$ cat run.pdb   # PDB, C-alpha atoms
ATOM      1  CA  MET J   4     145.802 108.352 172.665
ATOM      2  CA  GLN J   5     144.892 110.266 169.558
ATOM      3  CA  ILE J   6     148.021 111.371 167.750
ATOM      4  CA  PHE J   7     146.528 112.803 164.593
ATOM      5  CA  LYS J   8     143.565 115.094 164.872
ATOM      6  CA  LYS J   9     140.833 114.454 162.348
ATOM      7  CA  ARG J  10     140.482 117.699 160.492
ATOM      8  CA  ARG J  11     137.716 118.778 158.170
ATOM      9  CA  SER J  12     138.716 119.817 154.669
ATOM     10  CA  PRO J  13     138.806 123.617 154.652
ATOM     11  CA  GLY J  14     137.714 123.955 151.028
ATOM     12  CA  LEU J  15     139.055 126.567 148.686
ATOM     13  CA  CYS J  16     137.741 129.572 150.540
ATOM     14  CA  ARG J  17     137.709 131.124 153.958
ATOM     15  CA  PRO J  18     135.399 129.631 156.585
ATOM     16  CA  GLY J  19     131.938 131.123 156.540
ATOM     17  CA  SER J  20     132.065 131.957 152.833
ATOM     18  CA  TRP J  21     129.169 130.790 150.640
ATOM     19  CA  LEU J  22     131.664 129.124 148.291
ATOM     20  CA  THR J  23     131.980 125.803 150.080
ATOM     21  CA  ASN J  24     133.147 122.614 148.406
ATOM     22  CA  ARG J  25     129.558 121.574 147.819
ATOM     23  CA  ASN J  26     128.605 124.874 146.203
ATOM     24  CA  LEU J  27     131.777 124.760 144.114
ATOM     25  CA  LEU J  28     130.809 121.343 142.765
ATOM     26  CA  LYS J  29     127.360 122.641 141.864
ATOM     27  CA  LEU J  30     128.934 125.611 140.088
ATOM     28  CA  ILE J  31     131.264 123.351 138.086
ATOM     29  CA  LEU J  32     128.324 121.157 137.120
ATOM     30  CA  LEU J  33     126.422 124.212 135.906
ATOM     31  CA  ILE J  34     129.381 125.533 133.880
ATOM     32  CA  CYS J  35     129.892 122.103 132.255
ATOM     33  CA  CYS J  36     126.212 121.840 131.345
ATOM     34  CA  LEU J  37     126.127 125.410 130.029
ATOM     35  CA  SER J  38     129.203 124.974 127.830
ATOM     36  CA  LEU J  39     128.023 121.619 126.512
ATOM     37  CA  ALA J  40     124.545 122.930 125.790
ATOM     38  CA  THR J  41     125.608 126.133 124.042
ATOM     39  CA  SER J  42     128.219 124.392 121.907
ATOM     40  CA  ALA J  43     125.731 121.681 120.933
ATOM     41  CA  VAL J  44     123.107 124.239 119.935
ATOM     42  CA  ALA J  45     125.575 126.424 118.054
ATOM     43  CA  ASP J  46     126.749 123.369 116.168
ATOM     44  CA  ALA J  47     123.240 122.130 115.476
ATOM     45  CA  GLY J  48     121.228 124.883 114.006
ATOM     46  CA  PHE J  49     121.730 128.551 114.710
ATOM     47  CA  SER J  50     123.474 128.962 111.374
ATOM     48  CA  ILE J  51     120.559 127.471 109.426
ATOM     49  CA  ARG J  52     118.817 129.971 107.133
ATOM     50  CA  ARG J  53     115.225 130.432 108.170
ATOM     51  CA  ARG J  54     112.507 129.229 105.897
ATOM     52  CA  HIS J  55     110.165 132.072 105.027
ATOM     53  CA  ALA J  56     106.995 132.129 102.980
ATOM     54  CA  ALA J  57     107.434 130.725  99.463
ATOM     55  CA  CYS J  58     106.629 132.757  96.335
ATOM     56  CA  ILE J  59     104.712 130.704  93.794
ATOM     57  CA  ILE J  60     104.621 131.898  90.190
ATOM     58  CA  SER J  61     101.929 130.235  88.115
ATOM     59  CA  PHE J  62     100.832 130.709  84.501
ATOM     60  CA  SER J  63      97.625 130.506  82.511
ATOM     61  CA  GLY J  64      96.761 131.071  78.857
ATOM     62  CA  THR J  65     100.005 129.818  77.327
ATOM     63  CA  GLY J  66      97.854 128.112  74.696
ATOM     64  CA  ASN J  67      97.080 131.582  73.280
ATOM     65  CA  LEU J  68     100.665 131.813  72.002
ATOM     66  CA  LYS J  69     100.123 130.009  68.686
ATOM     67  CA  THR J  70     103.459 130.236  66.892
ATOM     68  CA  TYR J  71     105.349 131.348  69.942
ATOM     69  CA  LYS J  72     106.447 129.740  73.176
ATOM     70  CA  LEU J  73     107.412 131.077  76.574
ATOM     71  CA  VAL J  74     110.821 129.979  77.852
ATOM     72  CA  ASN J  75     112.427 130.328  81.273
ATOM     73  CA  ALA J  76     115.780 131.896  80.365
ATOM     74  CA  TYR J  77     117.674 130.685  83.416
ATOM     75  CA  ARG J  78     116.423 127.116  83.377
ATOM     76  CA  ASN J  79     115.926 126.599  79.637
ATOM     77  CA  GLY J  80     112.470 125.130  79.962
ATOM     78  CA  THR J  81     109.262 125.825  78.027
ATOM     79  CA  ILE J  82     106.508 127.124  80.282
ATOM     80  CA  ASN J  83     103.055 125.552  80.137
ATOM     81  CA  ASP J  84      99.849 126.180  82.055
ATOM     82  CA  GLU J  85     100.723 123.468  84.575
ATOM     83  CA  GLU J  86     104.119 125.007  85.255
ATOM     84  CA  THR J  87     104.711 126.674  88.604
ATOM     85  CA  ILE J  88     107.957 128.276  89.679
ATOM     86  CA  TYR J  89     108.558 127.858  93.385
ATOM     87  CA  VAL J  90     110.862 130.410  95.008
ATOM     88  CA  GLN J  91     111.779 129.452  98.548
ATOM     89  CA  GLU J  92     114.120 131.380 100.780
ATOM     90  CA  GLY J  93     115.979 129.570 103.508
ATOM     91  CA  GLY J  94     115.811 125.996 104.662
ATOM     92  CA  LYS J  95     116.623 122.967 102.617
ATOM     93  CA  ARG J  96     115.394 124.393  99.312
ATOM     94  CA  TRP J  97     117.613 127.463  99.348
ATOM     95  CA  GLU J  98     120.078 126.007  96.855
ATOM     96  CA  GLU J  99     117.306 125.334  94.329
ATOM     97  CA  SER J 100     115.836 128.825  94.394
ATOM     98  CA  ASP J 101     116.574 131.850  92.308
ATOM     99  CA  ARG J 102     114.673 135.056  92.934
ATOM    100  CA  ASP J 103     115.360 136.677  89.549
ATOM    101  CA  ILE J 104     113.178 135.160  86.872
ATOM    102  CA  LYS J 105     113.522 135.979  83.182
ATOM    103  CA  LEU J 106     111.009 134.781  80.590
ATOM    104  CA  LEU J 107     111.585 134.910  76.851
ATOM    105  CA  LEU J 108     108.971 134.915  74.109
ATOM    106  CA  VAL J 109     110.460 132.737  71.377
ATOM    107  CA  ASP J 110     109.224 132.377  67.821
ATOM    108  CA  THR J 111     108.982 128.638  67.185
ATOM    109  CA  VAL J 112     109.567 129.087  63.405
ATOM    110  CA  THR J 113     112.721 131.208  63.488
ATOM    111  CA  GLY J 114     113.846 130.214  66.984
ATOM    112  CA  LYS J 115     114.566 133.835  67.915
ATOM    113  CA  ALA J 116     113.494 135.623  71.095
ATOM    114  CA  THR J 117     111.242 138.562  70.263
ATOM    115  CA  ASP J 118     110.319 139.773  73.768
ATOM    116  CA  SER J 119     111.469 139.283  77.335
ATOM    117  CA  LEU J 120     109.925 139.685  80.755
ATOM    118  CA  GLN J 121     112.019 139.926  83.900
ATOM    119  CA  PHE J 122     110.906 140.192  87.502
ATOM    120  CA  HIS J 123     112.161 139.653  91.024
ATOM    121  CA  ALA J 124     110.025 137.294  93.114
ATOM    122  CA  LYS J 125     109.869 138.383  96.728
ATOM    123  CA  ASP J 126     107.087 138.407  99.343
ATOM    124  CA  TYR J 127     104.356 137.987  96.717
ATOM    125  CA  SER J 128     102.975 135.062  94.759
ATOM    126  CA  LEU J 129     102.294 135.903  91.123
ATOM    127  CA  ARG J 130      99.704 134.624  88.675
ATOM    128  CA  ILE J 131     100.534 135.540  85.078
ATOM    129  CA  LYS J 132      97.622 135.433  82.637
ATOM    130  CA  ILE J 133      98.761 135.409  79.025
ATOM    131  CA  SER J 134      96.248 136.736  76.550
ATOM    132  CA  GLY J 135      98.410 136.290  73.419
ATOM    133  CA  GLU J 136     101.062 138.135  71.441
ATOM    134  CA  GLN J 137     100.992 141.180  69.218
ATOM    135  CA  ASN J 138     103.819 142.061  66.803
ATOM    136  CA  GLY J 139     106.183 139.784  68.668
ATOM    137  CA  LYS J 140     105.309 141.351  72.057
ATOM    138  CA  LEU J 141     103.822 139.378  74.916
ATOM    139  CA  GLN J 142     100.327 140.455  76.032
ATOM    140  CA  TYR J 143      99.727 139.546  79.648
ATOM    141  CA  SER J 144      98.265 140.618  82.990
ATOM    142  CA  MET J 145      99.657 139.818  86.412
ATOM    143  CA  ASP J 146      97.860 139.241  89.739
ATOM    144  CA  SER J 147      99.864 139.293  92.931
ATOM    145  CA  THR J 148      98.900 137.957  96.334
ATOM    146  CA  LYS J 149     100.887 138.109  99.543
ATOM    147  CA  ALA J 150     103.056 135.016  99.941
ATOM    148  CA  VAL J 151     102.257 133.166 103.166
ATOM    149  CA  TYR J 152     104.015 130.408 105.054
ATOM    150  CA  ASP J 153     102.278 127.029 105.093
ATOM    151  CA  TYR J 154     101.399 126.239 108.683
ATOM    152  CA  LEU J 155     100.640 122.528 108.808
ATOM    153  CA  LEU J 156      98.435 120.964 111.474
ATOM    154  CA  LEU J 157      98.103 117.248 110.802
ATOM    155  CA  ASN J 158      99.867 116.216 107.595
ATOM    156  CA  ASP J 159     102.166 117.511 104.869
ATOM    157  CA  ASP J 160      99.524 117.628 102.139
ATOM    158  CA  GLU J 161      97.520 120.562 103.454
ATOM    159  CA  LYS J 162      96.889 123.418 101.035
ATOM    160  CA  SER J 163      98.151 126.938 101.499
ATOM    161  CA  GLU J 164      94.594 128.363 101.226
ATOM    162  CA  GLN J 165      94.091 127.412 104.870
ATOM    163  CA  PHE J 166      96.811 129.774 106.028
ATOM    164  CA  SER J 167      94.703 132.135 108.161
ATOM    165  CA  ARG J 168      92.702 129.315 109.774
ATOM    166  CA  ASN J 169      95.851 127.338 110.605
ATOM    167  CA  ARG J 170      97.610 130.397 111.954
ATOM    168  CA  ILE J 171      94.686 131.142 114.267
ATOM    169  CA  LEU J 172      94.752 127.513 115.452
ATOM    170  CA  PHE J 173      98.484 127.839 116.198
ATOM    171  CA  ILE J 174      97.822 130.967 118.268
ATOM    172  CA  THR J 175      94.824 129.308 120.001
ATOM    173  CA  CYS J 176      96.933 126.269 120.904
ATOM    174  CA  SER J 177      99.606 128.504 122.391
ATOM    175  CA  ALA J 178      97.042 130.511 124.365
ATOM    176  CA  ALA J 179      95.404 127.291 125.649
ATOM    177  CA  GLY J 180      98.797 126.044 126.868
ATOM    178  CA  PHE J 181      99.393 129.353 128.640
ATOM    179  CA  ILE J 182      95.980 129.181 130.367
ATOM    180  CA  LEU J 183      96.639 125.577 131.454
ATOM    181  CA  LEU J 184      99.981 126.637 132.923
ATOM    182  CA  LEU J 185      98.268 129.449 134.812
ATOM    183  CA  LEU J 186      95.677 126.970 136.133
ATOM    184  CA  LEU J 187      98.453 124.637 137.282
ATOM    185  CA  PHE J 188     100.098 127.559 139.034
ATOM    186  CA  PHE J 189      96.929 128.722 140.803
ATOM    187  CA  PHE J 190      95.993 125.155 141.737
ATOM    188  CA  ARG J 191      99.398 124.783 143.371
ATOM    189  CA  LYS J 192      98.874 127.989 145.371
ATOM    190  CA  ARG J 193      95.421 126.961 146.596
ATOM    191  CA  LYS J 194      96.684 123.534 147.665
ATOM    192  CA  ALA J 195      99.508 125.113 149.643
ATOM    193  CA  GLU J 196      97.040 127.442 151.382
ATOM    194  CA  ASP J 197      94.766 124.476 152.242
ATOM    195  CA  GLN J 198      97.648 122.696 153.905
ATOM    196  CA  ASN J 199      98.767 125.800 155.804
ATOM    197  CA  PRO J 200      95.638 127.864 156.464
ATOM    198  CA  ALA J 201      97.491 130.169 158.830
TER     199      ALA J 201
ATOM    200  CA  MET Z  25     106.718 119.187 110.055
ATOM    201  CA  PRO Z  26     103.035 119.423 111.086
ATOM    202  CA  LEU Z  27     102.143 120.871 114.469
ATOM    203  CA  LEU Z  28     100.736 117.613 115.859
ATOM    204  CA  PHE Z  29     104.015 115.687 115.413
ATOM    205  CA  GLN Z  30     106.059 118.582 116.724
ATOM    206  CA  LEU Z  31     103.845 118.701 119.823
ATOM    207  CA  ILE Z  32     104.154 114.945 120.395
ATOM    208  CA  PHE Z  33     107.954 114.911 120.071
ATOM    209  CA  HIS Z  34     108.368 118.076 122.129
ATOM    210  CA  PHE Z  35     106.181 116.543 124.832
ATOM    211  CA  LEU Z  36     108.328 113.396 124.755
ATOM    212  CA  ILE Z  37     111.439 115.517 125.314
ATOM    213  CA  LYS Z  38     110.086 117.991 127.860
ATOM    214  CA  GLY Z  39     107.655 115.622 129.597
ATOM    215  CA  PHE Z  40     108.955 112.059 129.507
ATOM    216  CA  PHE Z  41     112.625 113.021 129.764
ATOM    217  CA  LEU Z  42     111.720 115.219 132.733
ATOM    218  CA  TRP Z  43     109.910 112.420 134.513
ATOM    219  CA  PRO Z  44     112.963 110.517 135.853
ATOM    220  CA  PHE Z  45     114.355 113.696 137.430
ATOM    221  CA  TYR Z  46     111.134 114.291 139.387
ATOM    222  CA  TYR Z  47     109.842 110.761 139.734
ATOM    223  CA  SER Z  48     108.588 111.401 143.278
ATOM    224  CA  LYS Z  49     106.142 114.045 141.987
ATOM    225  CA  LYS Z  50     104.100 111.322 140.211
ATOM    226  CA  TRP Z  51     102.247 112.703 137.136
ATOM    227  CA  LYS Z  52     103.030 116.371 137.665
ATOM    228  CA  PRO Z  53     106.216 116.531 135.504
ATOM    229  CA  LEU Z  54     104.221 115.112 132.590
ATOM    230  CA  TRP Z  55     101.557 117.790 133.044
ATOM    231  CA  VAL Z  56     104.172 120.519 133.195
ATOM    232  CA  GLY Z  57     105.862 119.153 130.054
ATOM    233  CA  PHE Z  58     102.555 118.882 128.220
ATOM    234  CA  THR Z  59     101.316 122.384 129.026
ATOM    235  CA  SER Z  60     104.660 124.062 128.358
ATOM    236  CA  SER Z  61     104.955 122.213 125.012
ATOM    237  CA  MET Z  62     101.436 123.270 124.082
ATOM    238  CA  MET Z  63     102.233 126.883 124.841
ATOM    239  CA  LEU Z  64     105.733 127.085 123.368
ATOM    240  CA  VAL Z  65     105.799 124.984 120.181
ATOM    241  CA  PRO Z  66     103.249 126.991 118.113
ATOM    242  CA  LEU Z  67     104.704 130.244 119.414
ATOM    243  CA  MET Z  68     108.236 129.211 118.417
ATOM    244  CA  VAL Z  69     107.085 128.145 114.938
ATOM    245  CA  ILE Z  70     105.435 131.529 114.338
ATOM    246  CA  LEU Z  71     108.438 133.422 115.716
ATOM    247  CA  TYR Z  72     110.818 131.355 113.597
ATOM    248  CA  HIS Z  73     109.058 131.792 110.269
ATOM    249  CA  GLU Z  74     107.631 135.299 110.582
ATOM    250  CA  THR Z  75     110.203 137.278 112.526
ATOM    251  CA  ASP Z  76     113.961 137.756 112.463
ATOM    252  CA  LEU Z  77     114.285 137.372 116.222
ATOM    253  CA  SER Z  78     117.574 135.806 117.300
ATOM    254  CA  PHE Z  79     116.879 132.326 118.606
ATOM    255  CA  TRP Z  80     119.646 132.661 121.181
ATOM    256  CA  TYR Z  81     117.202 134.901 123.087
ATOM    257  CA  VAL Z  82     114.417 132.359 122.636
ATOM    258  CA  TYR Z  83     116.718 129.584 123.849
ATOM    259  CA  MET Z  84     117.740 131.553 126.935
ATOM    260  CA  GLY Z  85     114.116 132.541 127.563
ATOM    261  CA  LEU Z  86     113.038 128.902 127.383
ATOM    262  CA  ILE Z  87     115.684 127.926 129.934
ATOM    263  CA  VAL Z  88     114.663 130.692 132.343
ATOM    264  CA  LEU Z  89     110.971 129.884 131.929
ATOM    265  CA  ASP Z  90     111.542 126.178 132.556
ATOM    266  CA  VAL Z  91     113.673 126.870 135.632
ATOM    267  CA  LEU Z  92     110.832 129.003 137.014
ATOM    268  CA  LEU Z  93     108.278 126.312 136.175
ATOM    269  CA  TYR Z  94     110.311 123.573 137.851
ATOM    270  CA  CYS Z  95     110.955 125.745 140.902
ATOM    271  CA  PHE Z  96     107.340 126.883 141.314
ATOM    272  CA  LEU Z  97     105.311 123.918 140.061
ATOM    273  CA  LEU Z  98     107.582 120.994 140.930
ATOM    274  CA  LYS Z  99     109.148 122.684 143.979
ATOM    275  CA  SER Z 100     112.594 121.891 142.662
ATOM    276  CA  LYS Z 101     115.825 123.365 143.983
ATOM    277  CA  TRP Z 102     117.364 125.930 141.625
ATOM    278  CA  TRP Z 103     120.680 124.100 141.315
ATOM    279  CA  LYS Z 104     118.828 120.998 140.193
ATOM    280  CA  ALA Z 105     116.393 122.857 137.902
ATOM    281  CA  ILE Z 106     119.066 124.718 135.900
ATOM    282  CA  PRO Z 107     121.022 121.692 134.540
ATOM    283  CA  ILE Z 108     117.811 119.787 133.826
ATOM    284  CA  SER Z 109     116.368 122.775 131.963
ATOM    285  CA  LEU Z 110     119.612 123.239 130.014
ATOM    286  CA  ILE Z 111     119.784 119.616 128.929
ATOM    287  CA  LEU Z 112     116.107 119.295 127.975
ATOM    288  CA  ASN Z 113     115.919 122.637 126.165
ATOM    289  CA  THR Z 114     119.076 121.871 124.207
ATOM    290  CA  ILE Z 115     117.604 118.608 122.972
ATOM    291  CA  ALA Z 116     114.261 120.326 122.293
ATOM    292  CA  ILE Z 117     115.706 123.244 120.308
ATOM    293  CA  ILE Z 118     117.952 120.976 118.216
ATOM    294  CA  PHE Z 119     114.862 118.921 117.413
ATOM    295  CA  PHE Z 120     113.004 122.159 116.586
ATOM    296  CA  PHE Z 121     115.710 123.202 114.105
ATOM    297  CA  VAL Z 122     115.657 119.794 112.476
ATOM    298  CA  CYS Z 123     111.864 120.025 112.040
ATOM    299  CA  ASN Z 124     111.785 123.614 110.798
ATOM    300  CA  GLY Z 125     115.139 123.941 109.025
TER     301      GLY Z 125
END

$ encode --input "run.pdb" --output "structure tokens"
Amino acid sequence: MQIFKKRRSPGLCRPGSWLTNRNLLKLILLICCLSLATSAVADAGFSIRRRHAACIISFSGTGNLKTYKLVNAYRNGTINDEETIYVQEGGKRWEESDRDIKLLLVDTVTGKATDSLQFHAKDYSLRIKISGEQNGKLQYSMDSTKAVYDYLLLNDDEKSEQFSRNRILFITCSAAGFILLLLLFFFRKRKAEDQNPA
Amino acid sequence: MPLLFQLIFHFLIKGFFLWPFYYSKKWKPLWVGFTSSMMLVPLMVILYHETDLSFWYVYMGLIVLDVLLYCFLLKSKWWKAIPISLILNTIAIIFFFVCNG
């Protein structure tokens, strides 16, 4: 004689509802994964400053300043032809960068600054050609080119002159991946139709 | 980090890590991981460095796209595809930030 009837667990909801115990477990699993994933991502990198294109300031003709020298006012360094100032926004180099650059023309005999040049480096790379000095004033011309981000394909030593080619290769690679995905999708459809011709 | 290395590591995350979940599908998870990496990695790099788009949207978009891919190409059930997509995309986007930070 059966005294106790074996009863099925009713779950948390009314019978017939979609929220059965099994669906509830799936929902809990999803919520756990979602909370873990979002917290991990928020902790990992969404607060990182993005690295944009670097502005490179280069110099030529500093040898034309015979009794004078050009000095970076904020970094206290004499500027030579080999000197380049690298202004990088975002990323790991953010702490090293300073967008305002002030140059001083200093008389090497008296040690006094006779002229100054100040500019704000943003979006453009500058090439400053120094032709000399006249009455303590700096004679120069400045070329500016649009600063571009270095897209690297194979190694870290690639030059920034290949920007447009590398960018096109990035876009081509992305388009090729998209076409391959489409092919996979259509191949799947055709196979399904072959199996079920009706 | 150069594109080639980013592609390799992204493929390892989205292809090889996907493989155990869909082991019965043979090589297909690897193909799906490879093609989606090829499409998404260069696009994400360009979006990251040239636009101010919030990467929360990109992250959510990646999850939705991968769920669709797993459902349509690997014939996965949605409740299985969503956690797998969440886990793999979280690892992938953290790796992306480390490479492009």

$ interface_residues --input "run.pdb" --of "chain Z" --to "chain J" --cutoff "7 Å" --atoms "all atoms listed in the file" --output "mmCIF file with C-alpha atoms, keeping the file's coordinate frame"
data_model
loop_
_atom_site.group_PDB
_atom_site.id
_atom_site.type_symbol
_atom_site.label_atom_id
_atom_site.label_comp_id
_atom_site.auth_asym_id
_atom_site.auth_seq_id
_atom_site.Cartn_x
_atom_site.Cartn_y
_atom_site.Cartn_z
ATOM 1 C CA PRO Z 26 103.035 119.423 111.086
ATOM 2 C CA LEU Z 27 102.143 120.871 114.469
ATOM 3 C CA LEU Z 28 100.736 117.613 115.859
ATOM 4 C CA THR Z 59 101.316 122.384 129.026
ATOM 5 C CA SER Z 60 104.660 124.062 128.358
ATOM 6 C CA MET Z 62 101.436 123.270 124.082
ATOM 7 C CA MET Z 63 102.233 126.883 124.841
ATOM 8 C CA LEU Z 64 105.733 127.085 123.368
ATOM 9 C CA PRO Z 66 103.249 126.991 118.113
ATOM 10 C CA LEU Z 67 104.704 130.244 119.414
ATOM 11 C CA HIS Z 73 109.058 131.792 110.269
ATOM 12 C CA GLU Z 74 107.631 135.299 110.582
ATOM 13 C CA LEU Z 97 105.311 123.918 140.061
ATOM 14 C CA TRP Z 103 120.680 124.100 141.315
ATOM 15 C CA PRO Z 107 121.022 121.692 134.540
ATOM 16 C CA LEU Z 110 119.612 123.239 130.014
ATOM 17 C CA ILE Z 111 119.784 119.616 128.929
ATOM 18 C CA THR Z 114 119.076 121.871 124.207
ATOM 19 C CA ILE Z 118 117.952 120.976 118.216
ATOM 20 C CA PHE Z 121 115.710 123.202 114.105
ATOM 21 C CA GLY Z 125 115.139 123.941 109.025
#

$ residues_around --input "run.pdb" --residues "Val112 in chain J" --least-positions-apart "4" --cutoff "12 Å" --atoms "only C-alpha atoms" --output "ChimeraX atom specification"
/J:69-72,116-117

$ atom_distance --input "run.pdb" --atom1 "CA of Ala150 in chain J" --atom2 "CA of Ser128 in chain J"
5.2 Å

$ axis_aligned_box --input "run.pdb" --around "range 125-128 of chain J" --padding-each-side "5 Å" --output "AutoDock Vina command-line options"
--center_x 106.4 --center_y 136.7 --center_z 97.1 --size_x 16.9 --size_y 13.3 --size_z 14.6

$ resolve_selection --input "run.pdb" --expression "the PyMOL selection byres ((chain J and resi 76) around 10)" --output "VMD selection string"
chain J and resid 73 to 75 77 to 81 104 to 108 119 to 121

$ atom_distance --input "run.pdb" --atom1 "CA of Glu136 in chain J" --atom2 "CA of Leu68 in chain J"
6.4 Å

$ residues_around --input "run.pdb" --residues "Ala105 in chain Z" --least-positions-apart "6" --cutoff "10 Å" --atoms "all atoms listed in the file" --output "list in words"
Phe45, Ile87, Val88, Asp90, Val91, Leu92, Leu93, Tyr94, Cys95, Leu98 and Lys99 of chain Z

$ resolve_selection --input "run.pdb" --expression "the PyMOL selection byres ((chain J and resi 132) around 10)" --output "JSON, numbers by chain"
{"J": [61, 62, 63, 64, 65, 84, 129, 130, 131, 133, 134, 135, 142, 143, 144, 145, 146]}

$ residues_around --input "run.pdb" --residues "Tyr46 in chain Z" --least-positions-apart "5" --cutoff "9 Å" --atoms "only C-alpha atoms" --output "list in words"
Lys52, Pro53, Leu98 and Ser100 of chain Z

$ write_last_selection --input "run.pdb" --atoms "C-alpha atoms" --output "mmCIF file, in the coordinates of the input"
data_model
loop_
_atom_site.group_PDB
_atom_site.id
_atom_site.type_symbol
_atom_site.label_atom_id
_atom_site.label_comp_id
_atom_site.auth_asym_id
_atom_site.auth_seq_id
_atom_site.Cartn_x
_atom_site.Cartn_y
_atom_site.Cartn_z
ATOM 1 C CA LYS Z 52 103.030 116.371 137.665
ATOM 2 C CA PRO Z 53 106.216 116.531 135.504
ATOM 3 C CA LEU Z 98 107.582 120.994 140.930
ATOM 4 C CA SER Z 100 112.594 121.891 142.662
#

$ atom_distance --input "run.pdb" --atom1 "CA of Met25 in chain Z" --atom2 "CA of Val122 in chain Z"
9.3 Å

$ closest_residue --input "run.pdb" --among "Z:Ile117, Z:Val56, Z:Phe41, Z:Cys123" --to "Phe79 in chain Z" --atoms "only C-alpha atoms"
Z:Ile117

$ closest_residue --input "run.pdb" --among "Z:Leu31, Z:Phe96, Z:Leu89, Z:Tyr83" --to "Val65 in chain Z" --atoms "all atoms listed in the file"
Z:Leu31
